[in-house]
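Have a look at protein_13.txt; it's compact mmCIF, C-alpha atoms:
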```txt
# COMPACT_ATOMS: atom_id res chain seq x y z
CA MET D 1066 -14.66 20.27 -36.40
CA ASP D 1067 -15.18 23.97 -37.09
CA LEU D 1068 -17.98 24.94 -34.71
CA LYS D 1069 -18.45 28.29 -36.47
CA GLN D 1070 -19.88 26.33 -39.41
CA HIS D 1071 -22.78 25.37 -37.12
CA ILE D 1072 -23.56 28.85 -35.75
CA ARG D 1073 -25.88 30.97 -37.88
CA ALA D 1074 -25.35 34.72 -38.18
CA VAL D 1075 -28.68 36.57 -38.36
CA PRO D 1076 -28.42 40.22 -39.47
CA ASP D 1077 -30.67 42.90 -37.96
CA PHE D 1078 -31.90 40.77 -35.06
CA PRO D 1079 -33.33 41.70 -32.62
CA LYS D 1080 -33.06 45.19 -34.12
CA PRO D 1081 -31.42 46.85 -37.12
CA GLY D 1082 -27.64 46.96 -36.99
CA ILE D 1083 -27.24 43.94 -34.70
CA LEU D 1084 -25.65 40.75 -36.03
CA PHE D 1085 -27.06 37.93 -33.86
CA TYR D 1086 -25.12 34.67 -33.51
CA ASP D 1087 -27.77 31.95 -33.29
CA ILE D 1088 -26.76 28.75 -31.51
CA SER D 1089 -30.00 26.91 -32.37
CA THR D 1090 -28.30 25.58 -35.51
CA LEU D 1091 -25.48 24.20 -33.33
CA LEU D 1092 -27.92 22.69 -30.83
CA ARG D 1093 -29.85 20.80 -33.50
CA HIS D 1094 -26.76 19.24 -35.09
CA GLY D 1095 -26.01 16.28 -32.79
CA PRO D 1096 -22.33 15.70 -33.65
CA ALA D 1097 -21.47 19.42 -33.50
CA TRP D 1098 -23.34 19.89 -30.21
CA ARG D 1099 -21.59 16.84 -28.72
CA GLU D 1100 -18.23 18.27 -29.85
CA ALA D 1101 -19.03 21.66 -28.26
CA VAL D 1102 -19.95 20.05 -24.92
CA THR D 1103 -16.85 17.84 -25.04
CA ARG D 1104 -14.60 20.83 -25.72
CA LEU D 1105 -16.21 22.84 -22.94
CA GLY D 1106 -15.65 19.90 -20.62
CA ARG D 1107 -11.94 19.81 -21.44
CA THR D 1108 -11.77 23.58 -20.93
CA VAL D 1109 -13.70 23.72 -17.64
CA ARG D 1110 -12.42 20.56 -15.90
CA PRO D 1111 -8.98 22.05 -14.94
CA TYR D 1112 -10.76 24.71 -12.85
CA ALA D 1113 -12.05 21.90 -10.58
CA PRO D 1114 -15.63 23.14 -10.26
CA THR D 1115 -17.94 21.52 -7.73
CA VAL D 1116 -21.05 22.92 -9.46
CA LEU D 1117 -21.89 24.78 -12.67
CA ALA D 1118 -24.15 27.83 -12.93
CA GLY D 1119 -26.05 28.83 -16.06
CA ILE D 1120 -27.35 32.31 -16.82
CA GLU D 1121 -30.97 32.55 -18.00
CA SER D 1122 -31.84 31.36 -20.52
CA ARG D 1123 -29.41 30.11 -23.13
CA GLY D 1124 -26.80 29.57 -20.42
CA PHE D 1125 -29.07 26.80 -19.14
CA LEU D 1126 -28.68 25.03 -22.48
CA VAL D 1127 -24.91 25.10 -22.09
CA ALA D 1128 -24.47 24.49 -18.37
CA ALA D 1129 -26.97 21.65 -17.83
CA PRO D 1130 -25.52 19.17 -20.35
CA LEU D 1131 -21.99 20.13 -19.36
CA ALA D 1132 -22.84 19.43 -15.71
CA LEU D 1133 -23.98 15.95 -16.75
CA GLU D 1134 -20.79 15.47 -18.79
CA LEU D 1135 -18.65 16.39 -15.76
CA GLY D 1136 -20.80 14.62 -13.16
CA LEU D 1137 -21.63 17.90 -11.40
CA GLY D 1138 -24.70 19.70 -10.19
CA PHE D 1139 -26.25 22.64 -12.04
CA VAL D 1140 -27.76 25.82 -10.59
CA MET D 1141 -29.73 28.56 -12.29
CA LEU D 1142 -29.08 32.30 -12.26
CA ARG D 1143 -32.43 33.81 -13.20
CA LYS D 1144 -34.25 37.05 -13.75
CA ARG D 1145 -36.43 38.61 -11.06
CA ASN D 1146 -39.20 36.48 -9.52
CA LYS D 1147 -38.52 33.31 -11.52
CA LEU D 1148 -37.19 31.10 -8.72
CA PRO D 1149 -39.30 29.64 -5.90
CA GLY D 1150 -38.30 29.89 -2.27
CA LEU D 1151 -35.83 32.21 -0.63
CA THR D 1152 -33.54 33.95 -3.12
CA VAL D 1153 -30.54 36.24 -3.07
CA ALA D 1154 -30.58 39.04 -5.65
CA LEU D 1155 -28.14 41.42 -7.26
CA ASP D 1156 -29.13 44.53 -9.20
CA TYR D 1157 -26.66 45.60 -11.86
CA ALA D 1158 -26.32 48.36 -14.44
CA LEU D 1159 -27.03 47.91 -18.11
CA GLU D 1160 -26.20 50.34 -20.88
CA TYR D 1161 -29.73 51.79 -20.55
CA GLY D 1162 -31.07 50.98 -17.09
CA THR D 1163 -30.70 48.15 -14.62
CA ASP D 1164 -31.49 44.47 -14.37
CA ARG D 1165 -31.54 41.88 -11.60
CA LEU D 1166 -30.18 38.38 -11.22
CA GLU D 1167 -31.30 35.96 -8.53
CA ILE D 1168 -30.14 32.63 -7.17
CA GLN D 1169 -31.89 30.38 -4.66
CA ALA D 1170 -30.39 31.02 -1.24
CA ASP D 1171 -29.49 27.35 -0.77
CA ALA D 1172 -28.24 26.69 -4.33
CA VAL D 1173 -24.55 26.77 -3.46
CA LYS D 1174 -22.63 26.32 -0.24
CA PRO D 1175 -19.85 28.63 0.94
CA GLY D 1176 -16.62 27.43 -0.64
CA ASP D 1177 -18.28 25.76 -3.64
CA ARG D 1178 -16.22 26.27 -6.81
CA VAL D 1179 -18.69 27.51 -9.40
CA VAL D 1180 -17.91 28.01 -13.08
CA VAL D 1181 -20.48 30.28 -14.73
CA LEU D 1182 -21.68 29.44 -18.24
CA ASP D 1183 -23.59 31.27 -20.92
CA ASP D 1184 -23.91 30.98 -24.66
CA LEU D 1185 -22.23 34.30 -25.41
CA LEU D 1186 -19.81 36.77 -23.87
CA ALA D 1187 -20.54 40.24 -25.26
CA THR D 1188 -20.09 43.34 -23.08
CA GLY D 1189 -19.54 41.25 -19.94
CA GLY D 1190 -22.09 43.09 -17.78
CA THR D 1191 -24.34 40.14 -17.01
CA MET D 1192 -21.40 37.79 -16.61
CA ALA D 1193 -19.65 40.14 -14.17
CA ALA D 1194 -22.90 40.47 -12.20
CA SER D 1195 -23.20 36.66 -12.09
CA VAL D 1196 -19.70 36.38 -10.61
CA ARG D 1197 -20.54 39.03 -7.99
CA LEU D 1198 -23.83 37.33 -7.10
CA LEU D 1199 -22.16 33.95 -6.62
CA ARG D 1200 -19.43 35.49 -4.48
CA SER D 1201 -22.08 37.20 -2.35
CA VAL D 1202 -23.41 33.76 -1.34
CA GLY D 1203 -19.93 32.45 -0.52
CA ALA D 1204 -18.98 30.68 -3.75
CA GLU D 1205 -15.54 30.78 -5.32
CA VAL D 1206 -15.67 31.51 -9.05
CA PRO D 1207 -12.47 30.24 -10.68
CA ALA D 1208 -13.59 30.98 -14.27
CA ILE D 1209 -16.42 31.61 -16.70
CA ALA D 1210 -17.02 29.82 -20.00
CA THR D 1211 -19.10 30.51 -23.08
CA LEU D 1212 -19.60 29.04 -26.51
CA ILE D 1213 -19.09 32.38 -28.28
CA GLU D 1214 -17.17 35.57 -27.54
CA LEU D 1215 -17.67 38.86 -29.37
CA THR D 1216 -14.10 40.06 -28.86
CA PHE D 1217 -14.73 43.54 -30.25
CA LEU D 1218 -17.04 44.29 -27.28
CA LYS D 1219 -14.21 43.54 -24.81
CA GLY D 1220 -16.45 41.78 -22.28
CA ARG D 1221 -13.56 39.86 -20.72
CA ASP D 1222 -12.07 43.20 -19.64
CA ARG D 1223 -14.93 43.54 -17.13
CA LEU D 1224 -14.11 40.19 -15.51
CA ASP D 1225 -11.57 39.41 -12.81
CA VAL D 1226 -11.57 35.68 -13.59
CA PRO D 1227 -10.37 33.75 -16.65
CA ALA D 1228 -12.83 33.67 -19.55
CA GLU D 1229 -12.84 30.51 -21.65
CA THR D 1230 -14.62 30.55 -25.01
CA LEU D 1231 -14.87 28.07 -27.87
CA VAL D 1232 -15.26 30.46 -30.81
CA ALA D 1233 -14.61 34.19 -31.21
CA TYR D 1234 -15.94 36.77 -33.63
CA ASP D 1235 -14.18 40.09 -34.13
CA ARG D 1236 -17.23 41.74 -35.74
```

For the structure just supplied, provide its representation as structure tokens.
Amino acid sequence: MDLKQHIRAVPDFPKPGILFYDISTLLRHGPAWREAVTRLGRTVRPYAPTVLAGIESRGFLVAAPLALELGLGFVMLRKRNKLPGLTVALDYALEYGTDRLEIQADAVKPGDRVVVLDDLLATGGTMAASVRLLRSVGAEVPAIATLIELTFLKGRDRLDVPAETLVAYDR
């Protein structure tokens, strides 16, 4: 199955000049979504994760069903002040400013093998910050995985772990 046939390209969203790859068309097509989760499972399993982490918010849509598929737990990496209880935070640079990711302090144990998931790998800034945040709480991060990679933005160059993706766009 060609998963690209189930991903809609939306020009000029969220602003002029941006071509947005919309996974909602993939999510609503049951057989294609099942195939995507199955393929991610085959891709992620060899890294022997003990838990999966999803980046807010579309990463939750990818990581949660994959965690069920693999019989693993799922943890959330969220924006500032979205998680209850004690959290650990990491501020990171964006092209124009900074952002912050947080994880609950007890979400992973030292030595847990955590694969980070998101819908899209673009510039790699948020993904690299996610890897750093997980390492700061003692996790090992053997790899990251996404549905889509925008190869022309060279996001994987910012990562020091393998990046697994299902489909790639070169523009």

Closest of D:Lys1080, D:Gln1070, D:Leu1212, D:Ile1168 to Leu1126 in chain D - atom-to-atom distances counting only C-alpha atoms: D:Leu1212

Given only C-alpha atoms as the counted atoms, nearest of D:Tyr1112, D:Tyr1161, D:Phe1078, D:Phe1125 to Leu1185 in chain D: D:Phe1125

Take the point (-26.8, 27.8, -16.8) as written in the file and pick out every residue within 7 Å of it, counting all atoms listed in the file; give the list as a list of chain:residue names. D:Ala1118, D:Gly1119, D:Ile1120, D:Glu1121, D:Gly1124, D:Phe1125, D:Leu1126, D:Val1127, D:Ala1128, D:Ala1129, D:Val1140, D:Met1141, D:Leu1142, D:Leu1182, D:Asp1183

Report as a Markdown table: every residue of range 1101-1199 of chain D with an atom at most 9 Å from range 1088-1091 of chain D, its closest pair of atoms, and their distance in Å to one decimal, counting all atoms listed in the file, with rows sorted by chain and ascending residue number.
```
| residue | atom | partner | partner_atom | distance |
| --- | --- | --- | --- | --- |
| D:Ala1101 | CA | D:Leu1091 | CA | 8.6 |
| D:Arg1123 | CA | D:Ile1088 | CA | 8.9 |
| D:Asp1184 | CA | D:Ile1088 | CA | 7.7 |
```

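Nearest-residue note for Thr1188 in chain D: choosing from D:Arg1093, D:Lys1174, D:Arg1236, D:Arg1221, the minimum distance belongs to D:Arg1221, counting all atoms listed in the file.
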
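Proximity to range 1215-1218 of chain D at 12 Å, evaluated using all atoms listed in the file and with sequence-adjacent residues fewer than 6 positions away removed, yields Leu1084, Phe1085, Tyr1086, Asp1184, Leu1185, Leu1186, Ala1187, Thr1188, Gly1189, Gly1190, Ala1228, Thr1230, Leu1231, Val1232, Ala1233, Tyr1234, Asp1235 and Arg1236 of chain D.
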
Using only C-alpha atoms, which of D:Pro1149, D:Pro1114, D:Gly1220, D:Pro1079 sits nearest Arg1178 in chain D? D:Pro1114

Leaving out Pro1096 in chain D and any residue of its chain fewer than 6 positions from it, which residues lie within 12 Å of it when counting all atoms listed in the file, given as number ranges by chain? D: 1066-1068, 1071, 1090, 1102-1103

List the neighbours of Arg1197 in chain D out to 12 Å using all atoms listed in the file; skip same-chain residues closer than 5 positions along the sequence, and give me the result as a PDB file with C-alpha atoms, in the frame of the given file.
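out20.pdb was written with the following content:
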```pdb
ATOM      1  CA  LEU D1142     -29.080  32.300 -12.260  1.00  0.00           C
ATOM      2  CA  VAL D1153     -30.540  36.240  -3.070  1.00  0.00           C
ATOM      3  CA  ALA D1154     -30.580  39.040  -5.650  1.00  0.00           C
ATOM      4  CA  LEU D1155     -28.140  41.420  -7.260  1.00  0.00           C
ATOM      5  CA  ASP D1156     -29.130  44.530  -9.200  1.00  0.00           C
ATOM      6  CA  TYR D1157     -26.660  45.600 -11.860  1.00  0.00           C
ATOM      7  CA  ARG D1165     -31.540  41.880 -11.600  1.00  0.00           C
ATOM      8  CA  LEU D1166     -30.180  38.380 -11.220  1.00  0.00           C
ATOM      9  CA  GLU D1167     -31.300  35.960  -8.530  1.00  0.00           C
ATOM     10  CA  ILE D1168     -30.140  32.630  -7.170  1.00  0.00           C
ATOM     11  CA  VAL D1179     -18.690  27.510  -9.400  1.00  0.00           C
ATOM     12  CA  VAL D1181     -20.480  30.280 -14.730  1.00  0.00           C
ATOM     13  CA  GLY D1190     -22.090  43.090 -17.780  1.00  0.00           C
ATOM     14  CA  THR D1191     -24.340  40.140 -17.010  1.00  0.00           C
ATOM     15  CA  MET D1192     -21.400  37.790 -16.610  1.00  0.00           C
ATOM     16  CA  VAL D1202     -23.410  33.760  -1.340  1.00  0.00           C
ATOM     17  CA  GLY D1203     -19.930  32.450  -0.520  1.00  0.00           C
ATOM     18  CA  ALA D1204     -18.980  30.680  -3.750  1.00  0.00           C
ATOM     19  CA  GLU D1205     -15.540  30.780  -5.320  1.00  0.00           C
ATOM     20  CA  VAL D1206     -15.670  31.510  -9.050  1.00  0.00           C
ATOM     21  CA  ARG D1223     -14.930  43.540 -17.130  1.00  0.00           C
ATOM     22  CA  LEU D1224     -14.110  40.190 -15.510  1.00  0.00           C
ATOM     23  CA  ASP D1225     -11.570  39.410 -12.810  1.00  0.00           C
ATOM     24  CA  VAL D1226     -11.570  35.680 -13.590  1.00  0.00           C
TER      25      VAL D1226
END
```

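If you look at CA of Thr1152 in chain D and CA of Val1109 in chain D, they are 26.6 Å away from each other.
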
Residue with smallest distance to Leu1135 in chain D - pool D:Ala1113, D:Ala1193, D:Leu1148, D:Ala1158, counting all atoms listed in the file: D:Ala1113

Counting only C-alpha atoms, the residue of D:Leu1092, D:Lys1219, D:Asp1087, D:Ala1210 that sits nearest Arg1110 in chain D: D:Ala1210

How big is the axis-aligned box around the listed atoms of range 1142-1151 of chain D once 8 Å is added on each side, and where is its centre? Give both in Å to one decimal, as lines of an AutoDock Vina configuration file.
```
center_x = -34.2
center_y = 34.1
center_z = -7.2
size_x = 26.2
size_y = 25.0
size_z = 29.1
```

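Here CA of Leu1117 in chain D and CA of Ile1213 in chain D stand 17.6 Å from one another.
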
Atom pair CA of Arg1143 in chain D + CA of Ser1122 in chain D, distance 7.7 Å
